[in-house]
>>> print(open('start.txt').read())   # compact mmCIF, C-alpha atoms
# COMPACT_ATOMS: atom_id res chain seq x y z
CA MET A 1 113.70 -70.80 -26.97
CA SER A 2 116.04 -68.75 -24.81
CA SER A 3 114.83 -67.19 -21.59
CA HIS A 4 115.34 -63.73 -23.08
CA LEU A 5 113.48 -63.66 -26.36
CA HIS A 6 115.04 -61.83 -29.27
CA ALA A 7 118.43 -61.42 -27.56
CA ASP A 8 119.95 -63.76 -30.14
CA LEU A 9 118.71 -61.68 -33.09
CA GLY A 10 120.60 -59.31 -35.29
CA ARG A 11 119.33 -55.80 -36.03
CA ARG A 12 117.52 -56.76 -39.24
CA GLU A 13 116.00 -59.87 -37.66
CA ARG A 14 114.67 -57.76 -34.77
CA GLN A 15 113.16 -55.32 -37.28
CA ILE A 16 111.42 -58.17 -39.08
CA VAL A 17 110.07 -59.68 -35.85
CA GLU A 18 108.81 -56.23 -34.80
CA VAL A 19 106.99 -55.81 -38.14
CA VAL A 20 105.30 -59.19 -37.70
CA TYR A 21 104.29 -58.32 -34.11
CA ARG A 22 102.96 -54.93 -35.21
CA LEU A 23 100.93 -56.39 -38.07
CA GLY A 24 99.91 -59.57 -36.24
CA ARG A 25 100.48 -61.62 -39.36
CA ALA A 26 102.50 -60.83 -42.45
CA SER A 27 103.63 -62.12 -45.81
CA VAL A 28 107.10 -61.49 -47.22
CA ASN A 29 105.68 -58.54 -49.18
CA ASP A 30 104.05 -57.11 -46.03
CA VAL A 31 107.40 -57.25 -44.24
CA LEU A 32 109.19 -55.64 -47.19
CA GLU A 33 106.69 -52.75 -47.20
CA HIS A 34 107.35 -51.98 -43.53
CA LEU A 35 111.15 -52.29 -43.33
CA PRO A 36 113.43 -49.30 -43.55
CA ASP A 37 115.84 -49.69 -46.47
CA PRO A 38 114.51 -53.19 -47.24
CA PRO A 39 116.75 -55.94 -48.58
CA SER A 40 115.69 -58.18 -51.47
CA TYR A 41 112.56 -60.33 -51.41
CA SER A 42 114.64 -63.49 -51.23
CA SER A 43 116.67 -62.11 -48.29
CA VAL A 44 113.50 -61.36 -46.32
CA ARG A 45 112.06 -64.78 -47.18
CA THR A 46 115.26 -66.44 -45.97
CA MET A 47 115.31 -64.40 -42.76
CA LEU A 48 111.67 -65.28 -42.06
CA ARG A 49 112.52 -69.00 -42.42
CA ILE A 50 115.53 -68.57 -40.11
CA LEU A 51 113.38 -66.74 -37.55
CA GLU A 52 110.90 -69.61 -37.73
CA SER A 53 113.67 -72.17 -37.21
CA LYS A 54 114.85 -70.17 -34.16
CA GLY A 55 111.32 -70.38 -32.73
CA HIS A 56 110.38 -66.70 -33.07
CA LEU A 57 107.80 -67.05 -35.83
CA LYS A 58 105.30 -69.62 -37.15
CA HIS A 59 103.74 -69.77 -40.58
CA GLU A 60 100.56 -70.91 -42.23
CA GLN A 61 99.99 -71.30 -45.92
CA GLU A 62 97.38 -69.21 -47.72
CA GLY A 63 97.30 -70.35 -51.31
CA PRO A 64 100.83 -70.00 -52.65
CA ARG A 65 101.93 -67.60 -49.87
CA TYR A 66 103.30 -68.21 -46.40
CA ILE A 67 101.82 -65.94 -43.76
CA TYR A 68 104.02 -65.50 -40.71
CA ARG A 69 102.89 -64.73 -37.18
CA PRO A 70 104.66 -64.49 -33.82
CA ALA A 71 105.32 -67.80 -32.10
CA VAL A 72 105.03 -66.12 -28.68
CA ARG A 73 102.37 -63.65 -27.57
CA ARG A 74 103.62 -60.08 -27.42
CA ASP A 75 103.02 -59.75 -23.66
CA ALA A 76 105.16 -62.85 -22.98
CA ALA A 77 107.89 -61.57 -25.30
CA SER A 78 107.76 -58.13 -23.67
CA ARG A 79 107.98 -59.62 -20.18
CA SER A 80 110.95 -61.78 -21.19
CA ALA A 81 112.75 -58.84 -22.84
CA LEU A 82 112.12 -56.66 -19.79
CA GLN A 83 113.48 -59.34 -17.45
CA HIS A 84 116.59 -59.58 -19.61
CA LEU A 85 117.00 -55.78 -19.54
CA VAL A 86 116.64 -55.66 -15.74
CA ARG A 87 119.16 -58.48 -15.28
CA THR A 88 121.64 -56.96 -17.74
CA PHE A 89 121.55 -53.26 -16.87
CA PHE A 90 120.15 -53.12 -13.33
CA ALA A 91 121.78 -56.17 -11.70
CA GLY A 92 118.38 -57.83 -11.45
CA SER A 93 116.87 -54.98 -9.41
CA THR A 94 113.37 -54.15 -10.61
CA SER A 95 113.20 -51.17 -8.26
CA ARG A 96 116.39 -49.69 -9.76
CA ALA A 97 114.93 -50.09 -13.26
CA VAL A 98 111.65 -48.44 -12.27
CA ALA A 99 113.50 -45.64 -10.46
CA ALA A 100 115.61 -45.00 -13.58
CA LEU A 101 112.45 -44.67 -15.67
CA LEU A 102 110.78 -42.37 -13.14
CA GLU A 103 113.89 -40.20 -12.77
CA ASP A 104 114.28 -39.75 -16.53
CA ARG A 105 113.93 -36.02 -17.20
CA ASP A 106 112.31 -36.73 -20.57
CA ALA A 107 109.66 -39.04 -19.11
CA ARG A 108 106.20 -37.54 -19.09
CA PHE A 109 103.39 -39.31 -17.27
CA SER A 110 99.71 -38.52 -17.60
CA ASP A 111 97.53 -38.35 -14.49
CA GLU A 112 96.01 -41.70 -15.49
CA GLU A 113 99.46 -43.31 -15.79
CA ILE A 114 100.52 -41.94 -12.40
CA GLU A 115 97.32 -43.28 -10.85
CA ARG A 116 97.90 -46.70 -12.43
CA LEU A 117 101.50 -46.80 -11.17
CA SER A 118 100.36 -45.76 -7.70
CA LYS A 119 97.78 -48.58 -7.62
CA LEU A 120 100.37 -51.11 -8.77
CA ILE A 121 102.75 -49.97 -6.01
CA GLN A 122 99.98 -50.27 -3.40
CA LYS A 123 99.02 -53.73 -4.71
CA ASN A 124 102.68 -54.82 -4.54
CA ARG A 125 102.98 -53.47 -1.00
CA LYS A 126 99.86 -55.36 0.17
CA GLY A 127 101.03 -58.57 -1.50
CA ARG A 128 103.92 -58.91 0.93
>>> encode(input="start.txt", output="structure tokens")
Amino acid sequence: MSSHLHADLGRRERQIVEVVYRLGRASVNDVLEHLPDPPSYSSVRTMLRILESKGHLKHEQEGPRYIYRPAVRRDAASRSALQHLVRTFFAGSTSRAVAALLEDRDARFSDEEIERLSKLIQKNRKGR
């Protein structure tokens, strides 16, 4: 699988993978129920098989149905996607990415989130 998970996916494929991550495991019908403007059953079934062949999903059989689940844990996929984002839009600079998030006028942080960020910064500082 590529170093930046989901970068090779089209819009609809990303939507399907997100549904499977959100539900944890899903049948074709489950995916159909959670997609905006869903395509046909056979289209979703085909896309699920393609996503499995690309290494994004795995399946298990329950009676006559295939149940799909993520092939990679969500935290690993999130970390990979974030690394790709930092490389692509912030020239690999984590500090520039964090600064952009903190400087966003629409960003609202709770006291607990600020405290957590502060502890992470202190931990990073001591780790050097």
>>> atom_distance(input="start.txt", atom1="CA of Leu48 in chain A", atom2="CA of Pro36 in chain A")
16.1 Å
>>> axis_aligned_box(input="start.txt", around="range 40-49 of chain A", padding_each_side="6 Å", output="lines of an AutoDock Vina configuration file")
center_x = 114.2
center_y = -63.6
center_z = -46.8
size_x = 17.0
size_y = 22.8
size_z = 21.4
>>> atom_distance(input="start.txt", atom1="CA of Asn124 in chain A", atom2="CA of Arg73 in chain A")
24.7 Å
>>> residues_around(input="start.txt", residues="range 54-61 of chain A", least_positions_apart="6", cutoff="7 Å", atoms="only C-alpha atoms", output="number ranges by chain")
A: 1, 67-72
>>> atom_distance(input="start.txt", atom1="CA of Thr94 in chain A", atom2="CA of Glu13 in chain A")
27.8 Å
>>> closest_atom_pairs(input="start.txt", of="range 1-87 of chain A", to="range 97-121 of chain A", cutoff="12 Å", atoms="only C-alpha atoms", output="Markdown table")
| residue | atom | partner | partner_atom | distance |
| --- | --- | --- | --- | --- |
| A:Leu82 | CA | A:Ala97 | CA | 9.7 |
| A:Gln83 | CA | A:Ala97 | CA | 10.3 |
| A:His84 | CA | A:Ala97 | CA | 11.5 |
| A:Leu85 | CA | A:Ala97 | CA | 8.7 |
| A:Val86 | CA | A:Ala97 | CA | 6.3 |
| A:Arg87 | CA | A:Ala97 | CA | 9.6 |
>>> closest_residue(input="start.txt", among="A:Arg65, A:His34, A:Arg79, A:Lys123", to="Val19 in chain A", atoms="all atoms listed in the file")
A:His34
